[in-house]
Each structure stands twice: as C-alpha cells, then as structure tokens.
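S.K.: Can you keep this structure in mind? I'll have questions shortly.
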Amino acid sequence: MPALPSTDRLAAGCAGRDGEVAGVAPGAAAGAAALLLGQVREQLAGSIGLARKREIGEVVRELGAGFLPLDWPPCFGEDAAAIPRGDGYLLLAADGIRHTHLVDPFWAGYCSVLVNVNDIVATGGYPLAMVNVVAGGRADRRKELLTGIAFGSRHFGVPMIGGHLHPDGEEESVTVAILGTARRLVSSFAARLGDDLVVAVDLSGSWHEPFPHWDSTSFRRPGELSAQLSVVPALAESGLVRAGKDISNPGLLGTLLMLMESSAVGARVDIDSLPMPAGVALPRWLESYPGVGFVLAVPPGCSPAVIAAFEEVDMAARVVGSFAGGSRLVGLSGGSCMELWDVARQPVMGVHGAGAKA
C-alpha cells in the first residue's frame with residue numbers, strides 16, 4: 001500500500017504565508033475558490049459552537065481523578081458512553097438545551113429529545129428510554145416545554161420514564177439523559193488513515209426560525225424516522241462503519257474537527273461536494289444543526305454500500321474527502337486548497353485519542 005500523504009505536507013504545499021492559495025493559476029475561478037475557502041476558514045475561527053467545546057478538556061481532566069473501569073472503552077469525547085454488557089453495550093448520554101433556544105419552549109423540549117436520540121444512534125445504538133431535569137420558568141411556559149418533550153418522545157418512539165423538577169429554579173433549563181443499547185460501536189476515536197470521509201444528511205425540510213436548525217424530522221412519519229435512525233447501527237453491525245459523529249451544534253466542519261481530534265488524524269474535505277439543500281447558502285449550512293446528519297469514517301471499499309444504505313431512506317450521502325496523517329483540516333474547492341484548522345495548534349476540546357493507525 002503506498003504511503004498516504006499527510007495533511008501537514010498538503011497544507012504546507014497549498015497555502016502561502018498570508019493564507020492565500022498557492023500553486024493555482026490566476027483567474028476568476030481560482031480567485032472565487034480562494035475567497036470561498038478563506039470565508040470558510042474565518043467562519044470556523046469565529047464559530048460559537050466550536051468555542052463552546054473548548055472547556056471540555058478541563059472537565060475531562062478533573063473527572064479523570066474519579067473512577068473509570070479500565071476495561072471499559074474510552075467515553076470522554078464520545079457522543080454516548082458505552083458500558084460493556086453481555087455481547088453488546090449499554091449506551092448512556094445526556095444533553096442540555098442552550099438557554100437561547102428556550103425562547104421557543106415547545107421547540108426546546110422537542111430538541112432535548114432529538115439531540116439525545118442522535119447521540120445514541122451516532123454511537124451505533126438504539127434508544128431505549130429517557131429521563132429529564134426541568135427547572136424554573138412560569139407554569140405556562142413549563143407546560144409548553146413539557147408538551148414539546150412529550151411530542152418528541154412519541155415521535156421518536158422513546159419513552160420518557162422519569163426525571164426531576166425544580167419549579168423554583170432561578171433560570172429556565174431542560175436537560176435530558178438517555179439510555180440505549182448497541183451490538184457494535186461507532187467510535188469518535190476510531191477514524192483511520194485512508195478512510196473515506198462520508199457525510200450523510202437528510203436534506204428534506206426547512207429552517208426552524210430563528211434558530212440555525214434545519215428541521216427534517218418533526219414532519220416525518222415515525223416509520224420514516226425509525227428507518228433513517230436505524231442505518232448507522234446496521235452499518236456498524238455489518239462492519240461497514242467504525243467511526244463517526246452526528247452533526248451537532250458546531251456544524252458539519254466543526255463536528256469533523258472533533259472527530260479528527262479524538263482520532264488523532266488529519267482530513268481533507270472537498271467543500272464543493274458537501275450535500276446541501278437547494279437554495280441554502282453555504283455559510284448558513286455550515287453553521288446549522290440538521291435534524292439527522294452524520295460525519296463518518298468509512299473504509300474506502302465500503303463507501304458505495306454505505307451511501308446506498310442512506311439513499312434507501314431518503315438521505316443524501318457522499319464521499320467528500322478522506323482522513324490522512326497530521327492534524328490539519330485542509331479544504332479543497334475548484335482545484336484550490338487551504339488549511340482551515342490545525343487541531344494540534346488549536347485543540348477543539350482538548351480530548352485526544354490515538355486513532356492514527358493505517
């Protein structure tokens with residue numbers, strides 16, 4: 001097998017001192033490509049979703065002083081923690097909803113279910129049950145919030161079986177924890193050199209204003225949702241996917257950076273190949289939380305089968321790049337390339353893995 005190029009070498013060869021794209025013949029097309037890549041890089045640098053991940057490493061270091069069984073898989077940095085049980089795993093995850101989303105209590109409640117279901121699915125599992133913690137708020141707003149939770153529970157077919165209420169809390173908040181099961185894991189630590197970078201996303205739907213949320217789920221029939229959310233676990237059980245994450249608040253490229261950091265790999269991504277809804281501007285799409293979307297590391301020979309599995313459930317899936325050595329995310333567009341981020345120089349979470357194995 002020939003040596004795989006490092007993203008460090010690729011980045012050094014394609015970007016000049018001032019960040020301009022080098023080695024590309026001058027012209028309108030090259031100039032437009034360079035401008036696009038520069039805008040993407042600036043957008044990542046100013047991403048609030050990414051900035052909110054920076055303190056995770058400190059939390060992990062503090063919790064590392066606690067107790068973690070040595071025979072359990074690494075959990076910090078995963079979308080859901082995996083607990084070995086029999087011939088499979090129990091999965092455990094929790095998510096709180098940002099206070100800015102509570103301006104729409106029903107939607108905040110619904111999203112508290114959506115994000116947790118996605119975390120279980122992205123780890124290769126099937127959701128089993130949830131509990132919640134709700135605090136503060138007027139009684140009428142709390143009713144709206146709980147109505148959203150109840151709708152999400154019915155819509156995704158995952159029972160909400162308990163929780164805790166702080167009716168006198170000073171600030172409104174909602175947090176949901178979820179339990180799931182898996183036969184085989186999809187890990188954030190398992191991307192390998194030479195893997196294809198596959199993005200799969202449901203492009204159906206519309207924006208849920210005023211949030212950066214692409215709603216592809218609330219109008220779906222439960223059977224359609226179940227089929228979409230069963231694809232990643234089925235691919236994991238077939239050995240076709242071993243690493244990945246669901247696209248979350250840092251957006252598509254921000255989620256990719258988190259996967260790169262955990263797996264200790266670099267990546268190249270063709271911006272022009274990203275699946276996008278028609279009529280949606282690239283900057284807004286890159287900042288969005290899609291209803292159902294995944295960034296996956298797939299062995300090259302498996303990509304056609306993976307893409308076909310998503311297309312069967314009305315999701316767009318494409319190979320948009322690859323994973324390589326180094327620590328840099330290199331963007332490609334129109335024959336031009338530019339370094340977009342270096343997780344060695346600027347960690348996203350401060351949670352590093354050792355995934356760089358060919």
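Residue numbering restarts at 1 in every chain; chains get A, B, ... in the order shown in the structure tokens, and ligands count up from 1 in that same order.
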Find the spatial neighbours of region 111-121 of chain A, counting only C-alpha atoms, within a cut-off of 9 Å - ignore same-chain residues fewer than 5 positions away - and output them as number ranges by chain.
M.R.: A: 78-80, 91-97, 106, 126-127, 130, 132, 148-150, 152-153, 156, 158, 174-182, 186, 217, 229-233, 245-248, 291-293
S.K.: Please produce a file of those selected residues containing N, CA and C atoms, as a short mmCIF file (atom, residue, chain, number, x, y, z; two decimals), in the first residue's frame.
M.R.:
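The resulting file, again28.cif, is shown below:
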data_model
loop_
_atom_site.label_atom_id
_atom_site.label_comp_id
_atom_site.auth_asym_id
_atom_site.auth_seq_id
_atom_site.Cartn_x
_atom_site.Cartn_y
_atom_site.Cartn_z
N GLU A 78 -16.84 10.85 23.32
CA GLU A 78 -17.82 10.10 22.54
C GLU A 78 -19.19 10.78 22.61
N ASP A 79 -20.04 10.50 21.64
CA ASP A 79 -21.40 11.02 21.68
C ASP A 79 -22.21 10.35 22.78
N ALA A 80 -21.90 9.10 23.09
CA ALA A 80 -22.53 8.40 24.21
C ALA A 80 -21.49 7.50 24.86
N LEU A 91 -25.64 2.09 26.34
CA LEU A 91 -25.17 3.43 25.98
C LEU A 91 -25.87 4.44 26.87
N LEU A 92 -25.10 5.43 27.32
CA LEU A 92 -25.64 6.45 28.21
C LEU A 92 -25.16 7.82 27.75
N ALA A 93 -26.10 8.76 27.60
CA ALA A 93 -25.76 10.10 27.15
C ALA A 93 -26.69 11.10 27.82
N ALA A 94 -26.29 12.36 27.80
CA ALA A 94 -27.12 13.44 28.33
C ALA A 94 -26.81 14.72 27.57
N ASP A 95 -27.82 15.55 27.40
CA ASP A 95 -27.66 16.84 26.73
C ASP A 95 -28.56 17.87 27.37
N GLY A 96 -28.01 19.06 27.56
CA GLY A 96 -28.81 20.20 27.99
C GLY A 96 -29.06 21.12 26.81
N ILE A 97 -30.18 21.80 26.82
CA ILE A 97 -30.54 22.72 25.74
C ILE A 97 -30.09 24.13 26.10
N PHE A 106 -41.64 24.94 23.34
CA PHE A 106 -42.03 23.67 22.71
C PHE A 106 -40.86 23.11 21.91
N TYR A 126 -29.40 1.88 19.61
CA TYR A 126 -30.84 2.04 19.52
C TYR A 126 -31.33 2.66 20.83
N PRO A 127 -32.05 3.79 20.80
CA PRO A 127 -32.54 4.43 22.03
C PRO A 127 -33.51 3.52 22.77
N MET A 130 -35.62 7.49 28.37
CA MET A 130 -35.06 8.78 28.76
C MET A 130 -35.59 9.21 30.13
N ASN A 132 -35.55 13.24 32.49
CA ASN A 132 -35.31 14.67 32.27
C ASN A 132 -35.14 15.41 33.58
N GLY A 148 -43.55 19.79 24.33
CA GLY A 148 -42.54 19.50 23.30
C GLY A 148 -41.79 18.22 23.59
N ILE A 149 -41.45 18.00 24.86
CA ILE A 149 -40.78 16.75 25.24
C ILE A 149 -41.68 15.56 24.95
N ALA A 150 -42.96 15.68 25.34
CA ALA A 150 -43.89 14.57 25.13
C ALA A 150 -44.07 14.27 23.65
N GLY A 152 -41.84 14.85 21.25
CA GLY A 152 -40.61 14.20 20.80
C GLY A 152 -40.53 12.76 21.22
N SER A 153 -40.97 12.47 22.45
CA SER A 153 -40.96 11.10 22.95
C SER A 153 -41.84 10.20 22.08
N PHE A 156 -40.37 9.92 18.27
CA PHE A 156 -39.20 9.05 18.08
C PHE A 156 -39.41 7.67 18.71
N VAL A 158 -39.45 6.81 21.88
CA VAL A 158 -38.56 6.57 23.02
C VAL A 158 -39.26 7.07 24.28
N VAL A 174 -33.58 22.84 30.64
CA VAL A 174 -34.05 21.48 30.41
C VAL A 174 -32.86 20.63 30.01
N THR A 175 -32.73 19.49 30.65
CA THR A 175 -31.68 18.52 30.36
C THR A 175 -32.34 17.15 30.27
N VAL A 176 -31.90 16.37 29.32
CA VAL A 176 -32.42 15.01 29.15
C VAL A 176 -31.26 14.03 29.13
N ALA A 177 -31.42 12.91 29.80
CA ALA A 177 -30.46 11.81 29.74
C ALA A 177 -31.15 10.63 29.07
N ILE A 178 -30.37 9.84 28.34
CA ILE A 178 -30.94 8.76 27.54
C ILE A 178 -30.13 7.48 27.70
N LEU A 179 -30.82 6.36 27.68
CA LEU A 179 -30.21 5.05 27.73
C LEU A 179 -30.48 4.34 26.41
N GLY A 180 -29.47 3.65 25.89
CA GLY A 180 -29.63 2.90 24.66
C GLY A 180 -28.85 1.60 24.71
N THR A 181 -28.96 0.83 23.65
CA THR A 181 -28.22 -0.43 23.54
C THR A 181 -27.51 -0.47 22.19
N ALA A 182 -26.41 -1.19 22.13
CA ALA A 182 -25.67 -1.35 20.88
C ALA A 182 -25.02 -2.72 20.85
N VAL A 186 -19.87 2.60 17.10
CA VAL A 186 -19.26 3.59 16.21
C VAL A 186 -18.58 4.59 17.14
N THR A 217 -37.15 16.50 10.68
CA THR A 217 -37.69 15.40 11.48
C THR A 217 -39.12 15.60 11.95
N LEU A 229 -32.94 6.37 11.36
CA LEU A 229 -32.12 6.25 12.56
C LEU A 229 -31.62 4.83 12.80
N SER A 230 -32.02 3.89 11.97
CA SER A 230 -31.52 2.52 12.08
C SER A 230 -30.33 2.26 11.16
N VAL A 231 -30.03 3.22 10.27
CA VAL A 231 -28.98 2.96 9.26
C VAL A 231 -27.61 2.84 9.91
N VAL A 232 -27.22 3.81 10.76
CA VAL A 232 -25.88 3.77 11.35
C VAL A 232 -25.67 2.53 12.21
N PRO A 233 -26.60 2.17 13.10
CA PRO A 233 -26.41 0.92 13.85
C PRO A 233 -26.27 -0.31 12.95
N LYS A 245 -19.57 10.70 14.01
CA LYS A 245 -20.32 11.51 14.97
C LYS A 245 -21.56 12.05 14.26
N ASP A 246 -22.57 12.39 15.08
CA ASP A 246 -23.70 13.10 14.47
C ASP A 246 -23.35 14.58 14.36
N ILE A 247 -23.84 15.24 13.32
CA ILE A 247 -23.55 16.66 13.12
C ILE A 247 -24.32 17.44 14.17
N SER A 248 -23.59 18.15 15.03
CA SER A 248 -24.23 18.82 16.16
C SER A 248 -23.99 20.32 16.10
N GLY A 291 -31.51 18.00 11.23
CA GLY A 291 -32.29 17.07 12.04
C GLY A 291 -31.62 15.72 12.17
N VAL A 292 -31.18 15.16 11.05
CA VAL A 292 -30.47 13.88 11.05
C VAL A 292 -29.27 14.03 10.11
N GLY A 293 -28.07 13.95 10.65
CA GLY A 293 -26.87 14.07 9.81
C GLY A 293 -25.66 13.48 10.51
#
S.K.: Could you name the residues that touch Ala309 (chain A) at 12 Å or less, counting only C-alpha atoms, but leaving out those on the same chain fewer than 3 positions away, as a list in words?
M.R.: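 Skipping anything fewer than 3 positions along the chain leaves Ala200, Ala227, Gln228, Leu229, Ser230, Val231, Val232, Pro233, Ala234, Leu235, Ala236, Ser238, Leu240, Val241, Cys302, Ser303, Pro304, Ala305, Val306, Glu312, Val313, Asp314, Met315, Ala316, Ala317 and Arg318 of chain A.
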S.K.: Can I get the selection written as a PDB file, in the first residue's frame, with N, CA and C atoms?
M.R.:
ATOM      1  N   ALA A 200     -23.494  12.143   5.517  1.00  0.00           N
ATOM      2  CA  ALA A 200     -24.856  11.704   5.225  1.00  0.00           C
ATOM      3  C   ALA A 200     -25.822  12.621   5.972  1.00  0.00           C
ATOM      4  N   ALA A 227     -36.566   4.293  10.250  1.00  0.00           N
ATOM      5  CA  ALA A 227     -35.714   3.739   9.191  1.00  0.00           C
ATOM      6  C   ALA A 227     -34.421   4.531   9.067  1.00  0.00           C
ATOM      7  N   GLN A 228     -34.516   5.863   9.107  1.00  0.00           N
ATOM      8  CA  GLN A 228     -33.313   6.685   8.988  1.00  0.00           C
ATOM      9  C   GLN A 228     -32.366   6.451  10.166  1.00  0.00           C
ATOM     10  N   LEU A 229     -32.940   6.366  11.355  1.00  0.00           N
ATOM     11  CA  LEU A 229     -32.118   6.247  12.558  1.00  0.00           C
ATOM     12  C   LEU A 229     -31.619   4.834  12.798  1.00  0.00           C
ATOM     13  N   SER A 230     -32.020   3.894  11.972  1.00  0.00           N
ATOM     14  CA  SER A 230     -31.517   2.522  12.075  1.00  0.00           C
ATOM     15  C   SER A 230     -30.328   2.263  11.158  1.00  0.00           C
ATOM     16  N   VAL A 231     -30.028   3.217  10.266  1.00  0.00           N
ATOM     17  CA  VAL A 231     -28.983   2.964   9.264  1.00  0.00           C
ATOM     18  C   VAL A 231     -27.612   2.836   9.908  1.00  0.00           C
ATOM     19  N   VAL A 232     -27.223   3.807  10.758  1.00  0.00           N
ATOM     20  CA  VAL A 232     -25.877   3.773  11.348  1.00  0.00           C
ATOM     21  C   VAL A 232     -25.672   2.526  12.211  1.00  0.00           C
ATOM     22  N   PRO A 233     -26.605   2.170  13.101  1.00  0.00           N
ATOM     23  CA  PRO A 233     -26.407   0.916  13.848  1.00  0.00           C
ATOM     24  C   PRO A 233     -26.273  -0.310  12.945  1.00  0.00           C
ATOM     25  N   ALA A 234     -27.076  -0.365  11.879  1.00  0.00           N
ATOM     26  CA  ALA A 234     -26.988  -1.514  10.964  1.00  0.00           C
ATOM     27  C   ALA A 234     -25.643  -1.540  10.248  1.00  0.00           C
ATOM     28  N   LEU A 235     -25.141  -0.386   9.849  1.00  0.00           N
ATOM     29  CA  LEU A 235     -23.836  -0.326   9.193  1.00  0.00           C
ATOM     30  C   LEU A 235     -22.726  -0.735  10.157  1.00  0.00           C
ATOM     31  N   ALA A 236     -22.850  -0.317  11.412  1.00  0.00           N
ATOM     32  CA  ALA A 236     -21.850  -0.703  12.412  1.00  0.00           C
ATOM     33  C   ALA A 236     -21.847  -2.211  12.616  1.00  0.00           C
ATOM     34  N   SER A 238     -22.644  -4.441  10.565  1.00  0.00           N
ATOM     35  CA  SER A 238     -22.111  -5.092   9.366  1.00  0.00           C
ATOM     36  C   SER A 238     -20.625  -4.833   9.173  1.00  0.00           C
ATOM     37  N   LEU A 240     -19.280  -1.991   8.360  1.00  0.00           N
ATOM     38  CA  LEU A 240     -19.050  -1.041   7.265  1.00  0.00           C
ATOM     39  C   LEU A 240     -18.650   0.338   7.760  1.00  0.00           C
ATOM     40  N   VAL A 241     -18.977   0.665   9.010  1.00  0.00           N
ATOM     41  CA  VAL A 241     -18.623   1.950   9.611  1.00  0.00           C
ATOM     42  C   VAL A 241     -18.061   1.697  10.993  1.00  0.00           C
ATOM     43  N   CYS A 302     -15.899   0.212   1.353  1.00  0.00           N
ATOM     44  CA  CYS A 302     -17.243   0.094   1.925  1.00  0.00           C
ATOM     45  C   CYS A 302     -18.143   1.278   1.585  1.00  0.00           C
ATOM     46  N   SER A 303     -17.569   2.353   1.054  1.00  0.00           N
ATOM     47  CA  SER A 303     -18.341   3.578   0.843  1.00  0.00           C
ATOM     48  C   SER A 303     -19.547   3.400  -0.073  1.00  0.00           C
ATOM     49  N   PRO A 304     -19.448   2.678  -1.200  1.00  0.00           N
ATOM     50  CA  PRO A 304     -20.644   2.511  -2.037  1.00  0.00           C
ATOM     51  C   PRO A 304     -21.819   1.888  -1.299  1.00  0.00           C
ATOM     52  N   ALA A 305     -21.563   0.881  -0.466  1.00  0.00           N
ATOM     53  CA  ALA A 305     -22.647   0.238   0.288  1.00  0.00           C
ATOM     54  C   ALA A 305     -23.212   1.174   1.339  1.00  0.00           C
ATOM     55  N   VAL A 306     -22.347   1.963   1.977  1.00  0.00           N
ATOM     56  CA  VAL A 306     -22.792   2.916   2.989  1.00  0.00           C
ATOM     57  C   VAL A 306     -23.687   3.980   2.354  1.00  0.00           C
ATOM     58  N   GLU A 312     -31.409   4.769   0.482  1.00  0.00           N
ATOM     59  CA  GLU A 312     -32.647   3.983   0.591  1.00  0.00           C
ATOM     60  C   GLU A 312     -33.658   4.609   1.548  1.00  0.00           C
ATOM     61  N   VAL A 313     -33.188   5.448   2.470  1.00  0.00           N
ATOM     62  CA  VAL A 313     -34.097   6.077   3.448  1.00  0.00           C
ATOM     63  C   VAL A 313     -34.187   7.579   3.210  1.00  0.00           C
ATOM     64  N   ASP A 314     -33.973   7.998   1.969  1.00  0.00           N
ATOM     65  CA  ASP A 314     -34.168   9.389   1.569  1.00  0.00           C
ATOM     66  C   ASP A 314     -33.176  10.342   2.215  1.00  0.00           C
ATOM     67  N   MET A 315     -31.928   9.883   2.391  1.00  0.00           N
ATOM     68  CA  MET A 315     -30.871  10.752   2.885  1.00  0.00           C
ATOM     69  C   MET A 315     -29.782  10.871   1.821  1.00  0.00           C
ATOM     70  N   ALA A 316     -29.206  12.066   1.702  1.00  0.00           N
ATOM     71  CA  ALA A 316     -28.100  12.280   0.774  1.00  0.00           C
ATOM     72  C   ALA A 316     -26.806  11.857   1.452  1.00  0.00           C
ATOM     73  N   ALA A 317     -25.971  11.112   0.745  1.00  0.00           N
ATOM     74  CA  ALA A 317     -24.691  10.669   1.295  1.00  0.00           C
ATOM     75  C   ALA A 317     -23.638  10.723   0.201  1.00  0.00           C
ATOM     76  N   ARG A 318     -22.457  11.238   0.542  1.00  0.00           N
ATOM     77  CA  ARG A 318     -21.382  11.367  -0.440  1.00  0.00           C
ATOM     78  C   ARG A 318     -20.029  11.196   0.228  1.00  0.00           C
TER      79      ARG A 318
END
S.K.: Env of Ile271 (chain A): 10 Å cut, atoms = only C-alpha atoms, seq-sep filter 6 positions within chain, self excluded. Answer as number ranges by chain.
M.R.: A: 33, 36-37, 40, 253, 282, 320-321, 330-334, 337
S.K.: Can you work out which one of A:Leu50, A:Asn249, A:Gln346, A:Val201 has the shortest atom-to-atom distance to Pro277 (chain A), counting only C-alpha atoms?
M.R.: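 Once distances to Pro277 (chain A) are computed over only C-alpha atoms, the minimum belongs to A:Val201.
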S.K.: Extract, using only C-alpha atoms, all DNA, RNA and protein residues at most 12 Å from Lys143 (chain A), discarding same-chain residues fewer than 5 positions from it, and format them as a PDB file with C-alpha atoms, in the first residue's frame.
M.R.:
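The file below, selection39.pdb, is the result:
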ATOM      1  CA  ASP A 104     -39.477  28.693  21.947  1.00  0.00           C
ATOM      2  CA  PRO A 105     -40.273  26.303  24.840  1.00  0.00           C
ATOM      3  CA  PHE A 106     -42.029  23.672  22.711  1.00  0.00           C
ATOM      4  CA  ALA A 108     -36.589  23.382  23.129  1.00  0.00           C
ATOM      5  CA  GLY A 109     -38.447  20.421  24.608  1.00  0.00           C
ATOM      6  CA  VAL A 134     -36.562  20.678  34.175  1.00  0.00           C
ATOM      7  CA  ALA A 135     -36.007  23.874  36.150  1.00  0.00           C
ATOM      8  CA  GLY A 136     -37.624  27.266  36.531  1.00  0.00           C
ATOM      9  CA  GLY A 137     -39.974  29.083  34.231  1.00  0.00           C
ATOM     10  CA  ARG A 138     -43.576  30.141  34.555  1.00  0.00           C
ATOM     11  CA  GLY A 148     -42.545  19.501  23.305  1.00  0.00           C
ATOM     12  CA  ILE A 149     -40.780  16.752  25.243  1.00  0.00           C
ATOM     13  CA  ALA A 150     -43.886  14.570  25.126  1.00  0.00           C
ATOM     14  CA  PRO A 167     -40.142  24.559  39.970  1.00  0.00           C
TER      15      PRO A 167
END
S.K.: Mind pulling up the distance from CA of Pro210 (chain A) to CA of Val295 (chain A)?
M.R.: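 Interatomic distance, CA of Val295 (chain A) to CA of Pro210 (chain A): 25.0 Å.
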S.K.: So the first atom is CA of Glu171 (chain A) and the second is CA of Phe211 (chain A); what is the distance between them in Å, to one decimal place?
M.R.: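 Calculated distance between CA of Glu171 (chain A) and CA of Phe211 (chain A) is 20.5 Å.
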